[in-house]
file entry_17.cif (mmCIF, C-alpha atoms and all ligand atoms)
data_data
#
loop_
_atom_site.label_atom_id
_atom_site.label_comp_id
_atom_site.auth_asym_id
_atom_site.auth_seq_id
_atom_site.Cartn_x
_atom_site.Cartn_y
_atom_site.Cartn_z
CA MET A 1 -27.11 31.87 88.72
CA THR A 2 -29.22 32.00 85.58
CA ARG A 3 -31.22 34.90 84.17
CA ILE A 4 -34.86 34.22 84.95
CA ASP A 5 -36.04 34.76 81.34
CA ARG A 6 -33.55 32.15 80.17
CA PHE A 7 -34.48 29.81 83.04
CA ILE A 8 -38.18 30.01 82.12
CA SER A 9 -37.69 29.76 78.36
CA GLU A 10 -35.43 26.69 78.70
CA MET A 11 -37.53 24.88 81.26
CA LEU A 12 -40.93 25.62 79.75
CA CYS A 13 -40.16 25.44 76.06
CA MET A 14 -40.94 29.10 75.41
CA THR A 15 -39.13 31.67 73.32
CA ARG A 16 -37.13 34.22 75.27
CA SER A 17 -39.67 36.96 74.45
CA GLN A 18 -42.64 34.80 75.55
CA ALA A 19 -40.81 34.18 78.84
CA GLN A 20 -40.14 37.92 79.25
CA GLN A 21 -43.81 38.70 78.66
CA ALA A 22 -44.87 36.10 81.24
CA ILE A 23 -42.39 37.55 83.75
CA ARG A 24 -43.62 41.13 83.16
CA SER A 25 -47.22 40.05 83.67
CA GLY A 26 -46.35 38.58 87.08
CA ARG A 27 -46.78 34.89 86.28
CA VAL A 28 -43.22 34.10 87.40
CA LEU A 29 -42.12 34.42 91.02
CA ILE A 30 -38.69 34.00 92.60
CA ASN A 31 -39.06 33.00 96.25
CA GLY A 32 -42.65 34.23 96.14
CA SER A 33 -41.86 37.69 94.74
CA ARG A 34 -42.45 39.16 91.31
CA CYS A 35 -39.31 39.69 89.26
CA ARG A 36 -37.94 41.35 86.11
CA PRO A 37 -36.61 39.47 83.06
CA GLN A 38 -33.03 40.51 83.83
CA ASP A 39 -33.13 39.21 87.43
CA LYS A 40 -31.16 36.09 88.20
CA ALA A 41 -32.17 32.97 90.09
CA ASP A 42 -29.89 30.56 91.91
CA GLU A 43 -30.83 27.15 90.46
CA ASP A 44 -30.09 25.37 93.74
CA ALA A 45 -31.19 27.84 96.40
CA ASP A 46 -34.11 29.83 94.91
CA THR A 47 -37.67 28.65 94.41
CA VAL A 48 -39.05 29.65 91.03
CA SER A 49 -42.72 29.27 90.17
CA PHE A 50 -44.80 29.78 87.05
CA ASP A 51 -48.55 30.21 87.48
CA GLY A 52 -48.12 28.84 90.99
CA ARG A 53 -46.29 25.65 89.86
CA GLU A 54 -42.74 25.16 91.07
CA ILE A 55 -40.20 24.89 88.23
CA LYS A 56 -36.91 23.06 88.83
CA TYR A 57 -33.86 23.90 86.77
CA ASN A 58 -32.27 20.78 85.29
CA LYS A 59 -29.44 21.38 82.90
CA TYR A 60 -29.72 17.92 81.37
CA ILE A 61 -32.64 15.56 81.24
CA GLY A 62 -33.30 12.17 79.71
CA ILE A 63 -36.69 10.85 78.67
CA MET A 64 -37.64 7.24 77.96
CA LEU A 65 -40.30 6.99 75.28
CA ASN A 66 -42.12 3.86 74.16
CA LYS A 67 -42.52 4.75 70.51
CA PRO A 68 -45.60 3.51 68.71
CA LYS A 69 -45.73 2.73 64.99
CA GLY A 70 -46.39 5.62 62.64
CA VAL A 71 -44.34 8.17 64.59
CA ILE A 72 -40.98 9.37 63.33
CA CYS A 73 -37.80 10.03 65.31
CA ALA A 74 -37.40 13.73 64.61
CA THR A 75 -38.27 16.94 66.40
CA LYS A 76 -40.47 18.37 63.64
CA ASP A 77 -42.09 17.06 60.47
CA ARG A 78 -44.62 18.59 58.12
CA LEU A 79 -46.49 15.35 57.45
CA SER A 80 -46.02 12.86 60.30
CA ASP A 81 -46.28 12.89 64.07
CA THR A 82 -42.86 13.02 65.70
CA VAL A 83 -41.54 11.73 69.01
CA SER A 84 -41.47 15.36 70.24
CA ASP A 85 -45.26 15.53 69.83
CA LEU A 86 -45.55 12.74 72.42
CA ILE A 87 -43.69 14.58 75.18
CA PRO A 88 -46.14 15.96 77.76
CA PRO A 89 -46.04 19.75 78.39
CA GLU A 90 -44.36 19.44 81.79
CA LEU A 91 -41.32 17.69 80.20
CA ARG A 92 -41.13 19.78 77.05
CA ARG A 93 -38.00 21.84 76.46
CA ARG A 94 -36.74 23.49 73.32
CA ASP A 95 -33.37 21.70 73.34
CA LEU A 96 -34.60 18.07 73.39
CA PHE A 97 -33.87 15.68 70.54
CA PRO A 98 -34.07 11.90 70.02
CA ALA A 99 -30.66 10.23 70.33
CA GLY A 100 -30.72 8.05 67.24
CA ARG A 101 -33.58 6.88 65.12
CA LEU A 102 -36.00 4.02 65.00
CA ASP A 103 -37.84 3.46 61.72
CA LYS A 104 -41.41 4.70 61.43
CA ASP A 105 -42.74 1.14 61.80
CA THR A 106 -40.40 0.17 64.68
CA THR A 107 -41.70 0.41 68.24
CA GLY A 108 -40.02 0.67 71.62
CA PHE A 109 -37.32 2.53 73.50
CA VAL A 110 -36.30 5.96 72.23
CA PHE A 111 -33.91 7.98 74.40
CA ILE A 112 -34.69 11.69 74.20
CA THR A 113 -32.27 14.13 75.78
CA ASN A 114 -30.69 17.56 75.59
CA ASN A 115 -27.27 16.13 76.45
CA GLY A 116 -25.36 16.11 73.17
CA ALA A 117 -22.21 14.49 74.59
CA LEU A 118 -24.17 11.63 76.12
CA ALA A 119 -26.16 11.09 72.92
CA HIS A 120 -22.92 11.01 70.98
CA ASP A 121 -21.46 8.35 73.29
CA MET A 122 -24.63 6.29 73.12
CA LEU A 123 -24.60 6.34 69.33
CA SER A 124 -20.90 6.05 68.64
CA PRO A 125 -19.90 2.51 67.59
CA ARG A 126 -16.62 3.13 69.42
CA HIS A 127 -18.47 3.14 72.75
CA HIS A 128 -20.14 -0.22 72.06
CA THR A 129 -23.40 0.76 73.75
CA GLU A 130 -25.69 -2.24 73.30
CA LYS A 131 -29.14 -1.86 71.80
CA GLU A 132 -31.38 -4.89 72.16
CA TYR A 133 -34.25 -5.59 69.77
CA GLU A 134 -37.10 -8.06 69.74
CA VAL A 135 -37.34 -9.26 66.17
CA THR A 136 -40.26 -11.13 64.62
CA LEU A 137 -39.26 -12.90 61.42
CA ARG A 138 -41.27 -13.89 58.37
CA ASP A 139 -39.74 -17.36 58.16
CA PRO A 140 -39.27 -19.72 61.12
CA LEU A 141 -35.71 -20.78 61.86
CA SER A 142 -34.64 -24.41 61.72
CA ASP A 143 -31.74 -25.62 63.89
CA ALA A 144 -29.44 -25.33 60.88
CA ASP A 145 -30.63 -21.75 60.26
CA LYS A 146 -29.96 -20.91 63.90
CA MET A 147 -26.37 -22.09 63.63
CA ARG A 148 -25.83 -20.16 60.42
CA TYR A 149 -27.44 -16.97 61.81
CA GLU A 150 -25.46 -17.16 65.04
CA GLU A 151 -22.12 -17.60 63.30
CA THR A 152 -22.77 -14.95 60.66
CA VAL A 153 -24.03 -12.34 63.12
CA ALA A 154 -21.24 -13.03 65.64
CA ALA A 155 -18.54 -12.75 62.98
CA GLY A 156 -19.59 -9.22 62.01
CA MET A 157 -21.59 -9.58 58.82
CA THR A 158 -21.43 -7.60 55.61
CA ILE A 159 -24.70 -6.11 54.42
CA ASP A 160 -25.61 -4.78 51.00
CA GLY A 161 -22.38 -6.01 49.48
CA ASP A 162 -19.85 -3.82 51.21
CA GLU A 163 -21.12 -2.47 54.53
CA LYS A 164 -19.35 -4.23 57.37
CA CYS A 165 -21.19 -4.57 60.68
CA LEU A 166 -19.61 -5.00 64.08
CA PRO A 167 -19.95 -8.42 65.70
CA ALA A 168 -23.41 -8.76 67.25
CA ARG A 169 -25.41 -11.31 69.20
CA ILE A 170 -28.57 -13.20 68.33
CA VAL A 171 -30.55 -14.96 71.06
CA PHE A 172 -33.12 -17.58 70.09
CA THR A 173 -36.36 -18.24 71.90
CA ASP A 174 -38.90 -21.09 71.96
CA ASP A 175 -40.72 -19.37 69.09
CA PRO A 176 -38.76 -20.09 65.86
CA LYS A 177 -39.92 -16.78 64.38
CA PHE A 178 -38.94 -14.66 67.38
CA VAL A 179 -35.36 -13.68 68.29
CA HIS A 180 -33.51 -11.03 70.23
CA LEU A 181 -30.73 -9.20 68.44
CA VAL A 182 -28.13 -7.18 70.34
CA LEU A 183 -26.18 -4.58 68.34
CA CYS A 184 -23.48 -2.11 69.36
CA GLU A 185 -24.13 0.35 66.55
CA GLY A 186 -27.04 1.80 64.61
CA LYS A 187 -26.62 1.70 60.86
CA PHE A 188 -29.58 2.73 58.74
CA HIS A 189 -32.24 -0.07 58.80
CA GLN A 190 -29.55 -2.30 60.26
CA VAL A 191 -31.68 -5.09 61.75
CA LYS A 192 -33.86 -5.33 58.66
CA ARG A 193 -30.87 -5.35 56.34
CA MET A 194 -29.06 -8.00 58.41
CA MET A 195 -32.07 -10.29 58.37
CA HIS A 196 -32.61 -9.64 54.67
CA THR A 197 -28.99 -10.57 53.96
CA LEU A 198 -29.60 -13.85 55.80
CA GLY A 199 -32.57 -14.54 53.51
CA ASN A 200 -35.34 -13.62 55.94
CA GLU A 201 -37.52 -10.52 56.55
CA VAL A 202 -38.44 -8.62 59.69
CA THR A 203 -42.19 -8.34 60.23
CA GLU A 204 -42.10 -6.62 63.66
CA LEU A 205 -39.29 -4.78 65.39
CA ARG A 206 -39.20 -3.41 68.92
CA ARG A 207 -36.26 -1.97 70.84
CA ILE A 208 -36.29 -3.04 74.48
CA ARG A 209 -32.92 -1.97 75.88
CA ILE A 210 -30.25 0.69 75.49
CA GLY A 211 -27.00 0.10 77.41
CA GLY A 212 -27.96 -0.98 80.92
CA VAL A 213 -31.51 0.39 80.77
CA TRP A 214 -34.57 -1.68 79.87
CA LEU A 215 -37.73 -0.19 78.44
CA ASP A 216 -40.10 0.29 81.37
CA ASP A 217 -42.95 -2.27 81.18
CA ALA A 218 -45.28 0.27 82.77
CA LEU A 219 -45.06 2.57 79.73
CA CYS A 220 -47.73 1.91 77.13
CA GLU A 221 -46.91 2.71 73.52
CA GLY A 222 -46.96 6.48 73.09
CA GLN A 223 -46.11 7.14 76.74
CA CYS A 224 -42.88 8.52 78.12
CA ARG A 225 -41.36 9.42 81.45
CA GLU A 226 -38.36 11.27 82.75
CA MET A 227 -35.44 8.94 83.46
CA THR A 228 -33.77 8.86 86.85
CA ALA A 229 -30.17 10.02 87.28
CA ALA A 230 -29.17 6.38 87.85
CA GLU A 231 -30.80 5.32 84.57
CA ILE A 232 -29.11 8.12 82.65
CA GLU A 233 -25.78 6.96 84.05
CA GLN A 234 -26.54 3.43 82.85
CA ILE A 235 -27.49 4.38 79.31
CA CYS A 236 -23.96 3.92 77.99
CA THR A 237 -22.87 1.10 80.26
CA LYS A 238 -22.70 -2.54 79.36
CA HIS A 239 -25.63 -4.69 80.35
N1 LIG A 301 -32.81 -1.55 62.72
C1 LIG A 301 -33.79 -1.37 61.82
O1 LIG A 301 -33.80 -1.99 60.76
N2 LIG A 301 -34.76 -0.48 62.12
C2 LIG A 301 -34.81 0.19 63.27
O2 LIG A 301 -35.74 0.97 63.48
C3 LIG A 301 -33.78 -0.01 64.20
C4 LIG A 301 -32.79 -0.89 63.91
#
call {"tool": "encode", "arguments": {"input": "entry_17.cif", "output": "structure tokens", "more": "lines below"}}
Ligand code: URA
result
Amino acid sequence: MTRIDRFISEMLCMTRSQAQQAIRSGRVLINGSRCRPQDKADEDADTVSFDGREIKYNKYIGIMLNKPKGVICATKDRLSDTVSDLIPPELRRRDLFPAGRLDKDTTGFVFITNNGALAHDMLSPRHHTEKEYEVTLRDPLSDADKMRYEETVAAGMTIDGDEKCLPARIVFTDDPKFVHLVLCEGKFHQVKRMMHTLGNEVTELRRIRIGGVWLDDALCEGQCREMTAAEIEQICTKH
């Protein structure tokens, strides 16, 4: 059982006092009846509605966002748009945060959740959750470059003199400027710094997979959707 003011404020991204006001003015019903802020609702058995729309109580949710360029991975910023600004009202909750960061000019899969333990597992290098990136390079790779890149990346390279990366995987494509890079950690600017160390530069970067979950092709940049329970379970699994 959860107090209805807490239920409404958590599910609808309101402060507790805004939720109490809405409840007192009759906008919230439990099983079709008006209620008081201190009343409790059974999350599984009761039907709660707000302005006639049914509201489900989910303790944890996960959102898949296809981040466009120019948006930052934060919940609030004075100057730039954030990933939170892209969440539609029906998915907004006060406790959501992006699990990890993509750079402002990186596009693709951002996992947004209110599940701190899951976010921690996804980000922790100890859990080896894979993150796969599509990388467009400034300079095309010759066959000799490919061998050198593959060996260096697989061995666990050192960037900026003393920062040791975990072994990673690079996958070449028919386009000599376009590779996939699979990392198990998320150091600051890691892909760009790895490619820089190898003497190249990243011109475009897009994340397409986290753990066992691929970015949904149906999501245009800037769009997001709630993830299914099966997807959330797969977020920390191996591909
Ligand atoms: N590596 C980078 O350099 N930037 C990102 O946004 C993600 C990984």
call {"tool": "closest_atom_pairs", "arguments": {"input": "entry_17.cif", "of": "chain A", "to": "ligand LIG 301 (chain A)", "cutoff": "10 Å", "atoms": "all atoms listed in the file", "output": "CSV"}}
result
residue,atom,partner,partner_atom,distance
A:Ile72,CA,A:LIG301,O2,9.9
A:Cys73,CA,A:LIG301,O2,9.5
A:Gly100,CA,A:LIG301,C3,9.1
A:Arg101,CA,A:LIG301,O2,6.5
A:Leu102,CA,A:LIG301,O2,3.4
A:Asp103,CA,A:LIG301,O2,3.7
A:Lys104,CA,A:LIG301,O2,7.1
A:Asp105,CA,A:LIG301,O2,7.2
A:Thr106,CA,A:LIG301,O2,4.9
A:Thr107,CA,A:LIG301,O2,7.6
A:Gly108,CA,A:LIG301,O2,9.2
A:Lys131,CA,A:LIG301,C4,8.7
A:Glu132,CA,A:LIG301,C4,9.3
A:Tyr133,CA,A:LIG301,C4,7.7
A:Val135,CA,A:LIG301,N1,9.6
A:Leu181,CA,A:LIG301,C4,9.7
A:Leu183,CA,A:LIG301,C4,8.8
A:Glu185,CA,A:LIG301,C4,9.1
A:Gly186,CA,A:LIG301,C4,6.4
A:Lys187,CA,A:LIG301,N1,7.2
A:Phe188,CA,A:LIG301,C1,6.6
A:His189,CA,A:LIG301,O1,3.2
A:Gln190,CA,A:LIG301,N1,4.2
A:Val191,CA,A:LIG301,N1,3.8
A:Lys192,CA,A:LIG301,O1,3.9
A:Arg193,CA,A:LIG301,O1,6.3
A:Met194,CA,A:LIG301,O1,8.0
A:Met195,CA,A:LIG301,O1,8.8
A:His196,CA,A:LIG301,O1,9.9
A:Val202,CA,A:LIG301,O1,8.2
A:Glu204,CA,A:LIG301,N2,9.7
A:Leu205,CA,A:LIG301,C2,7.0
A:Arg206,CA,A:LIG301,O2,7.8
A:Arg207,CA,A:LIG301,C3,7.4
call {"tool": "atom_distance", "arguments": {"input": "entry_17.cif", "atom1": "atom CA of A:Leu29", "atom2": "atom CA of A:Ser49"}}
result
5.3 Å
call {"tool": "atom_distance", "arguments": {"input": "entry_17.cif", "atom1": "atom CA of A:Leu91", "atom2": "atom CA of A:Asp44"}}
result
19.2 Å
call {"tool": "closest_residue", "arguments": {"input": "entry_17.cif", "among": "A:Ala229, A:Leu141, A:Leu96, A:Ala74", "to": "A:Gly116", "atoms": "only C-alpha atoms"}}
result
A:Leu96
call {"tool": "atom_distance", "arguments": {"input": "entry_17.cif", "atom1": "atom CA of A:Ile63", "atom2": "atom CA of A:Ile87"}}
result
8.7 Å
call {"tool": "residues_around", "arguments": {"input": "entry_17.cif", "residues": "A:Lys59", "least_positions_apart": "2", "cutoff": "10 Å", "atoms": "all atoms listed in the file", "output": "list in words"}}
result
Phe7, Glu10, Met11, Glu43, Lys56, Tyr57, Ile61, Asn114 and Asn115 of chain A
call {"tool": "closest_residue", "arguments": {"input": "entry_17.cif", "among": "A:Asp175, A:Asp46, A:Asp121, A:Asp143", "to": "A:Asn31", "atoms": "all atoms listed in the file"}}
result
A:Asp46
call {"tool": "residues_around", "arguments": {"input": "entry_17.cif", "residues": "stretch 79-86 of chain A", "least_positions_apart": "3", "cutoff": "8 Å", "atoms": "all atoms listed in the file", "output": "MDAnalysis selection string"}}
result
chainID A and resid 65 67 70:76 97:98 222:224
call {"tool": "closest_residue", "arguments": {"input": "entry_17.cif", "among": "A:Glu201, A:Asp5, A:Asp42, A:Asp77", "to": "A:Leu137", "atoms": "all atoms listed in the file"}}
result
A:Glu201
call {"tool": "residues_around", "arguments": {"input": "entry_17.cif", "residues": "A:Glu151", "least_positions_apart": "2", "cutoff": "12 Å", "atoms": "only C-alpha atoms", "output": "ChimeraX atom specification"}}
result
/A:144-149,153-157,167-171,198
call {"tool": "decode", "arguments": {"input": "entry_17.cif", "residues": "stretch 68-103 of chain A", "atoms": "N, CA and C atoms", "output": "mmCIF file, in the first residue's frame"}}
result
data_model
loop_
_atom_site.group_PDB
_atom_site.id
_atom_site.type_symbol
_atom_site.label_atom_id
_atom_site.label_comp_id
_atom_site.auth_asym_id
_atom_site.auth_seq_id
_atom_site.Cartn_x
_atom_site.Cartn_y
_atom_site.Cartn_z
ATOM 1 N N PRO A 68 19.770 12.907 -29.637
ATOM 2 C CA PRO A 68 20.304 13.667 -30.779
ATOM 3 C C PRO A 68 21.547 14.453 -30.350
ATOM 4 N N LYS A 69 22.233 15.038 -31.318
ATOM 5 C CA LYS A 69 23.347 15.936 -30.975
ATOM 6 C C LYS A 69 22.819 17.182 -30.285
ATOM 7 N N GLY A 70 23.654 17.796 -29.466
ATOM 8 C CA GLY A 70 23.290 19.081 -28.871
ATOM 9 C C GLY A 70 22.568 18.970 -27.542
ATOM 10 N N VAL A 71 22.279 17.737 -27.136
ATOM 11 C CA VAL A 71 21.540 17.508 -25.879
ATOM 12 C C VAL A 71 22.508 16.881 -24.884
ATOM 13 N N ILE A 72 22.446 17.303 -23.624
ATOM 14 C CA ILE A 72 23.410 16.741 -22.680
ATOM 15 C C ILE A 72 22.754 15.705 -21.759
ATOM 16 N N CYS A 73 23.590 14.771 -21.313
ATOM 17 C CA CYS A 73 23.107 13.696 -20.428
ATOM 18 C C CYS A 73 23.125 14.185 -18.992
ATOM 19 N N ALA A 74 22.082 14.896 -18.622
ATOM 20 C CA ALA A 74 21.933 15.391 -17.258
ATOM 21 C C ALA A 74 20.440 15.549 -17.045
ATOM 22 N N THR A 75 20.044 15.820 -15.803
ATOM 23 C CA THR A 75 18.612 16.008 -15.571
ATOM 24 C C THR A 75 18.220 17.479 -15.709
ATOM 25 N N LYS A 76 19.180 18.367 -15.431
ATOM 26 C CA LYS A 76 18.885 19.811 -15.515
ATOM 27 C C LYS A 76 20.133 20.542 -15.974
ATOM 28 N N ASP A 77 19.949 21.595 -16.767
ATOM 29 C CA ASP A 77 21.096 22.428 -17.127
ATOM 30 C C ASP A 77 20.575 23.820 -17.435
ATOM 31 N N ARG A 78 21.349 24.822 -17.053
ATOM 32 C CA ARG A 78 20.865 26.189 -17.246
ATOM 33 C C ARG A 78 20.926 26.602 -18.716
ATOM 34 N N LEU A 79 21.881 26.022 -19.463
ATOM 35 C CA LEU A 79 22.120 26.513 -20.820
ATOM 36 C C LEU A 79 21.644 25.569 -21.930
ATOM 37 N N SER A 80 21.811 24.260 -21.697
ATOM 38 C CA SER A 80 21.520 23.320 -22.795
ATOM 39 C C SER A 80 20.276 22.496 -22.512
ATOM 40 N N ASP A 81 19.712 21.944 -23.599
ATOM 41 C CA ASP A 81 18.641 20.950 -23.425
ATOM 42 C C ASP A 81 19.249 19.688 -22.838
ATOM 43 N N THR A 82 18.479 19.026 -21.991
ATOM 44 C CA THR A 82 18.964 17.778 -21.379
ATOM 45 C C THR A 82 18.104 16.608 -21.848
ATOM 46 N N VAL A 83 18.600 15.405 -21.588
ATOM 47 C CA VAL A 83 17.822 14.211 -21.962
ATOM 48 C C VAL A 83 16.472 14.195 -21.238
ATOM 49 N N SER A 84 16.410 14.763 -20.034
ATOM 50 C CA SER A 84 15.129 14.788 -19.301
ATOM 51 C C SER A 84 14.087 15.616 -20.048
ATOM 52 N N ASP A 85 14.533 16.664 -20.752
ATOM 53 C CA ASP A 85 13.579 17.497 -21.502
ATOM 54 C C ASP A 85 12.905 16.710 -22.631
ATOM 55 N N LEU A 86 13.515 15.592 -23.031
ATOM 56 C CA LEU A 86 12.970 14.820 -24.161
ATOM 57 C C LEU A 86 11.976 13.742 -23.725
ATOM 58 N N ILE A 87 11.819 13.584 -22.422
ATOM 59 C CA ILE A 87 10.893 12.543 -21.932
ATOM 60 C C ILE A 87 9.467 13.083 -21.985
ATOM 61 N N PRO A 88 8.552 12.367 -22.649
ATOM 62 C CA PRO A 88 7.178 12.876 -22.753
ATOM 63 C C PRO A 88 6.489 12.866 -21.374
ATOM 64 N N PRO A 89 5.478 13.746 -21.181
ATOM 65 C CA PRO A 89 4.858 13.902 -19.865
ATOM 66 C C PRO A 89 4.381 12.594 -19.250
ATOM 67 N N GLU A 90 3.875 11.674 -20.073
ATOM 68 C CA GLU A 90 3.320 10.446 -19.483
ATOM 69 C C GLU A 90 4.402 9.530 -18.908
ATOM 70 N N LEU A 91 5.678 9.749 -19.272
ATOM 71 C CA LEU A 91 6.764 8.920 -18.707
ATOM 72 C C LEU A 91 7.580 9.675 -17.661
ATOM 73 N N ARG A 92 7.271 10.965 -17.486
ATOM 74 C CA ARG A 92 8.100 11.761 -16.580
ATOM 75 C C ARG A 92 7.900 11.388 -15.131
ATOM 76 N N ARG A 93 8.987 11.255 -14.398
ATOM 77 C CA ARG A 93 8.939 11.031 -12.951
ATOM 78 C C ARG A 93 10.096 11.793 -12.360
ATOM 79 N N ARG A 94 9.956 12.169 -11.103
ATOM 80 C CA ARG A 94 10.978 13.008 -10.493
ATOM 81 C C ARG A 94 12.289 12.264 -10.248
ATOM 82 N N ASP A 95 12.232 10.926 -10.150
ATOM 83 C CA ASP A 95 13.430 10.186 -9.740
ATOM 84 C C ASP A 95 14.238 9.631 -10.912
ATOM 85 N N LEU A 96 13.931 10.016 -12.146
ATOM 86 C CA LEU A 96 14.651 9.468 -13.303
ATOM 87 C C LEU A 96 15.994 10.154 -13.517
ATOM 88 N N PHE A 97 16.964 9.387 -13.968
ATOM 89 C CA PHE A 97 18.272 9.974 -14.304
ATOM 90 C C PHE A 97 18.901 9.131 -15.419
ATOM 91 N N PRO A 98 19.788 9.742 -16.228
ATOM 92 C CA PRO A 98 20.463 8.946 -17.258
ATOM 93 C C PRO A 98 21.569 8.108 -16.629
ATOM 94 N N ALA A 99 21.611 6.824 -16.959
ATOM 95 C CA ALA A 99 22.661 5.942 -16.429
ATOM 96 C C ALA A 99 23.882 6.090 -17.329
ATOM 97 N N GLY A 100 24.782 6.947 -16.935
ATOM 98 C CA GLY A 100 25.986 7.192 -17.734
ATOM 99 C C GLY A 100 25.776 8.340 -18.695
ATOM 100 N N ARG A 101 26.867 8.747 -19.297
ATOM 101 C CA ARG A 101 26.796 9.938 -20.154
ATOM 102 C C ARG A 101 27.309 9.668 -21.550
ATOM 103 N N LEU A 102 26.625 10.249 -22.522
ATOM 104 C CA LEU A 102 27.198 10.382 -23.855
ATOM 105 C C LEU A 102 27.573 11.847 -24.007
ATOM 106 N N ASP A 103 28.618 12.122 -24.792
ATOM 107 C CA ASP A 103 29.016 13.512 -25.026
ATOM 108 C C ASP A 103 27.888 14.270 -25.738
#
